[in-house]
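Take a look at the structure set out below.
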Amino acid sequence: MKKMILASTSTIYGSKYLEYLFPVIKNLFSNSNNILFIPYARPNGITLKSYTDLVKDTFEQLNLNIFGIDNSSNPAEDIKRCDGIFIGGGNSFLLLDSIQKNKLIAPITEKVNSGTPLLGTSAGTNICGVSIGTTNDMPIVHPSSLKSLNLIPFNINPHYIDPILGSKHMGESREIRIKEFHKFNDQIVIGLREGSYLQSQENNIILKGPNTARIFKKNNDPLEIEPEFNLNKLLN
């Protein structure tokens, strides 16, 4: 049984890093003593060590113990011995490429499928879908494949934003980009707005947080879902 929290973002406006998720994180990892942090996405080009130190300091506020994969000689073994996993945000292409090169797809999926709790934020959420094909990130590196962890049977578009009324911006909206994606791909896409997250537990995937989410199905009009909606209703 999977236990996952997949958040659109690590930080909401006016809040410190992960602060808005503190109660959720504490509950998710309530039985975890060795939580592994995967820093490969490296937001703003931060070093692996600096990113890991940030997360360690943050989790200490919750009396939770983090250890990093940043200088490990055997990352797959670290995944075996952990009892919780946090995959941080940043660049989805870099994250997936690093996970592929370290041969961690199977170890992570096996660990999470066996019940080890997982927290993902931003790119760390994006990578839990079928592919990273609906990321907002630039392809700064080229993974061998866009297929990702497939821990949930759809794709996510983190940081989803709606068109701004009266804006003079002439570029494509997120909705248009997702429609382009559906010309070549079939999986459902969840537009996850800031402050929202998905909770996977007891074989349910529930939308949590203050905002609705936008659901995109190929050849269908977009659908708005309310908080507490069970996404399994869309998948069955």
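Here's how to read the names in the structure tokens: chain A, B, ... by the order shown, residue numbers from 1 in each chain, ligand numbers from 1 in the order shown.
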
Residue neighbourhood region 12-23 of chain A, 7 Å, only C-alpha atoms, exclusion window fewer than 4 positions, as JSON, numbers by chain: {"A": [27, 194, 195]}

Any chance you can output those residues with all heavy atoms as an mmCIF file, in the first residue's frame?
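Generated file (again-v2.cif):
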data_model
loop_
_atom_site.group_PDB
_atom_site.id
_atom_site.type_symbol
_atom_site.label_atom_id
_atom_site.label_comp_id
_atom_site.auth_asym_id
_atom_site.auth_seq_id
_atom_site.Cartn_x
_atom_site.Cartn_y
_atom_site.Cartn_z
ATOM 1 N N ASN A 27 3.010 13.771 10.011
ATOM 2 C CA ASN A 27 2.113 12.613 10.017
ATOM 3 C C ASN A 27 2.610 11.520 9.065
ATOM 4 O O ASN A 27 2.607 10.332 9.410
ATOM 5 C CB ASN A 27 0.707 13.054 9.616
ATOM 6 C CG ASN A 27 -0.283 11.903 9.646
ATOM 7 O OD1 ASN A 27 -0.546 11.321 10.700
ATOM 8 N ND2 ASN A 27 -0.833 11.572 8.485
ATOM 9 N N GLU A 194 -0.625 25.781 -6.811
ATOM 10 C CA GLU A 194 0.229 26.013 -5.654
ATOM 11 C C GLU A 194 -0.554 25.865 -4.346
ATOM 12 O O GLU A 194 -1.674 26.378 -4.211
ATOM 13 C CB GLU A 194 0.845 27.409 -5.719
ATOM 14 C CG GLU A 194 1.690 27.653 -6.969
ATOM 15 C CD GLU A 194 2.926 26.778 -7.041
ATOM 16 O OE1 GLU A 194 2.773 25.543 -7.125
ATOM 17 O OE2 GLU A 194 4.033 27.332 -7.016
ATOM 18 N N GLY A 195 0.055 25.192 -3.386
ATOM 19 C CA GLY A 195 -0.589 24.959 -2.101
ATOM 20 C C GLY A 195 -1.403 23.686 -2.047
ATOM 21 O O GLY A 195 -1.889 23.301 -0.981
#

Which of region 26-227 of chain A DSSP labels helix (DSSP H, G or I), written as an NGL selection string: :A and (26-28 or 43-45 or 48-60 or 75-81 or 92-101 or 105-113 or 123-126 or 174-181)

Per residue of region 66-91 of chain A within 12 Å of region 152-158 of chain A, what are the shortest atom pair and its distance in Å to one decimal, counting only C-alpha atoms, with rows by chain and residue number, as CSV?
residue,atom,partner,partner_atom,distance
A:Gly89,CA,A:Pro158,CA,10.2
A:Gly90,CA,A:Pro158,CA,11.3
A:Asn91,CA,A:Pro158,CA,11.8

Next, the residues of the selection above should be written as a short mmCIF file (atom, residue, chain, number, x, y, z; two decimals), in the first residue's frame with C-alpha atoms.
data_model
loop_
_atom_site.label_atom_id
_atom_site.label_comp_id
_atom_site.auth_asym_id
_atom_site.auth_seq_id
_atom_site.Cartn_x
_atom_site.Cartn_y
_atom_site.Cartn_z
CA GLY A 89 12.10 19.87 -6.36
CA GLY A 90 14.21 21.59 -8.98
CA ASN A 91 14.76 20.48 -12.57
#

Residue contacts of Leu149 (chain A) (8 Å, only C-alpha atoms) excluding same-chain residues fewer than 4 positions away, as a list in words: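 The residues satisfying every condition are Ile105, Ile108, Thr109, Ile127, Cys128, Gly129, Val130 and Ser131 of chain A.
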
Can you tell me, as a CSV table (one decimal) with N, CA and C atoms, in the first residue's frame, what residues are no more than 7 Å from Phe93 (chain A) when counting only C-alpha atoms, ignoring any on the same chain fewer than 3 positions away?
chain,number,residue,atom,x,y,z
A,96,LEU,N,15.6,13.2,-13.2
A,96,LEU,CA,15.3,11.9,-13.8
A,96,LEU,C,16.6,11.3,-14.4
A,97,ASP,N,17.4,12.1,-15.0
A,97,ASP,CA,18.7,11.7,-15.5
A,97,ASP,C,19.6,11.1,-14.4
A,139,PRO,N,14.9,21.3,-20.7
A,139,PRO,CA,15.7,20.1,-20.7
A,139,PRO,C,17.2,20.4,-20.7
A,140,ILE,N,17.7,20.7,-19.5
A,140,ILE,CA,19.1,21.1,-19.4
A,140,ILE,C,20.1,20.0,-19.6
A,141,VAL,N,19.5,18.7,-19.4
A,141,VAL,CA,20.2,17.5,-19.7
A,141,VAL,C,19.2,16.6,-20.4
A,142,HIS,N,19.7,15.5,-20.9
A,142,HIS,CA,18.8,14.6,-21.7
A,142,HIS,C,18.8,13.2,-21.1
A,143,PRO,N,17.8,12.9,-20.3
A,143,PRO,CA,17.7,11.5,-19.8
A,143,PRO,C,17.5,10.5,-20.9

Sort by chain and increasing residue number a table of all residues of region 82-172 of chain A within 10 Å of region 50-71 of chain A, each with its closest pair of atoms and their distance in Å to one decimal, counting only C-alpha atoms, and write it as JSON lines.
{"residue": "A:Cys82", "atom": "CA", "partner": "A:Phe67", "partner_atom": "CA", "distance": 8.8}
{"residue": "A:Gly84", "atom": "CA", "partner": "A:Ile66", "partner_atom": "CA", "distance": 9.1}
{"residue": "A:Ile85", "atom": "CA", "partner": "A:Ile66", "partner_atom": "CA", "distance": 9.1}
{"residue": "A:Phe86", "atom": "CA", "partner": "A:Ile66", "partner_atom": "CA", "distance": 9.0}
{"residue": "A:Gly88", "atom": "CA", "partner": "A:Tyr51", "partner_atom": "CA", "distance": 8.8}

Please produce an output containing N, CA and C atoms for each residue in the selection, written as a compact mmCIF listing (two decimals), in the first residue's frame.
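To be explicit, this is the file written out as part-v1.txt:
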# COMPACT_ATOMS: atom_id res chain seq x y z
N CYS A 82 16.61 2.78 4.13
CA CYS A 82 15.81 3.90 4.64
C CYS A 82 14.40 3.42 4.99
N GLY A 84 11.88 5.99 4.87
CA GLY A 84 11.14 7.12 4.34
C GLY A 84 11.97 7.77 3.25
N ILE A 85 11.30 8.38 2.27
CA ILE A 85 12.00 9.01 1.15
C ILE A 85 11.38 10.37 0.87
N PHE A 86 12.26 11.36 0.67
CA PHE A 86 11.84 12.69 0.22
C PHE A 86 12.61 13.02 -1.05
N GLY A 88 13.20 16.00 -3.55
CA GLY A 88 13.02 17.45 -3.60
C GLY A 88 12.83 17.98 -5.01

Contacts of region 212-226 of chain A at 8 Å (only C-alpha atoms; same-chain gap of 6+ positions) as a tab-separated table (two decimals) with C-alpha atoms, in the first residue's frame:
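The resulting file, result-v2.tsv, is shown below:
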chain	number	residue	atom	x	y	z
A	178	ILE	CA	-1.08	20.03	-22.14
A	179	LYS	CA	-3.37	19.83	-25.19
A	182	HIS	CA	-2.26	14.93	-25.68
A	183	LYS	CA	-1.72	14.94	-29.44
A	186	ASP	CA	-2.90	9.30	-23.78
A	187	GLN	CA	-2.42	9.54	-20.01
A	188	ILE	CA	-4.51	11.85	-17.84
A	189	VAL	CA	-2.76	15.03	-16.66
A	190	ILE	CA	-3.47	16.73	-13.33
A	191	GLY	CA	-2.89	20.49	-13.21
A	192	LEU	CA	-1.88	20.92	-9.57
A	193	ARG	CA	-2.06	24.49	-8.28

Do you have the CA of Tyr197 (chain A)-CA of Ile87 (chain A) distance handy?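 CA of Ile87 (chain A) lies 14.3 Å from CA of Tyr197 (chain A).
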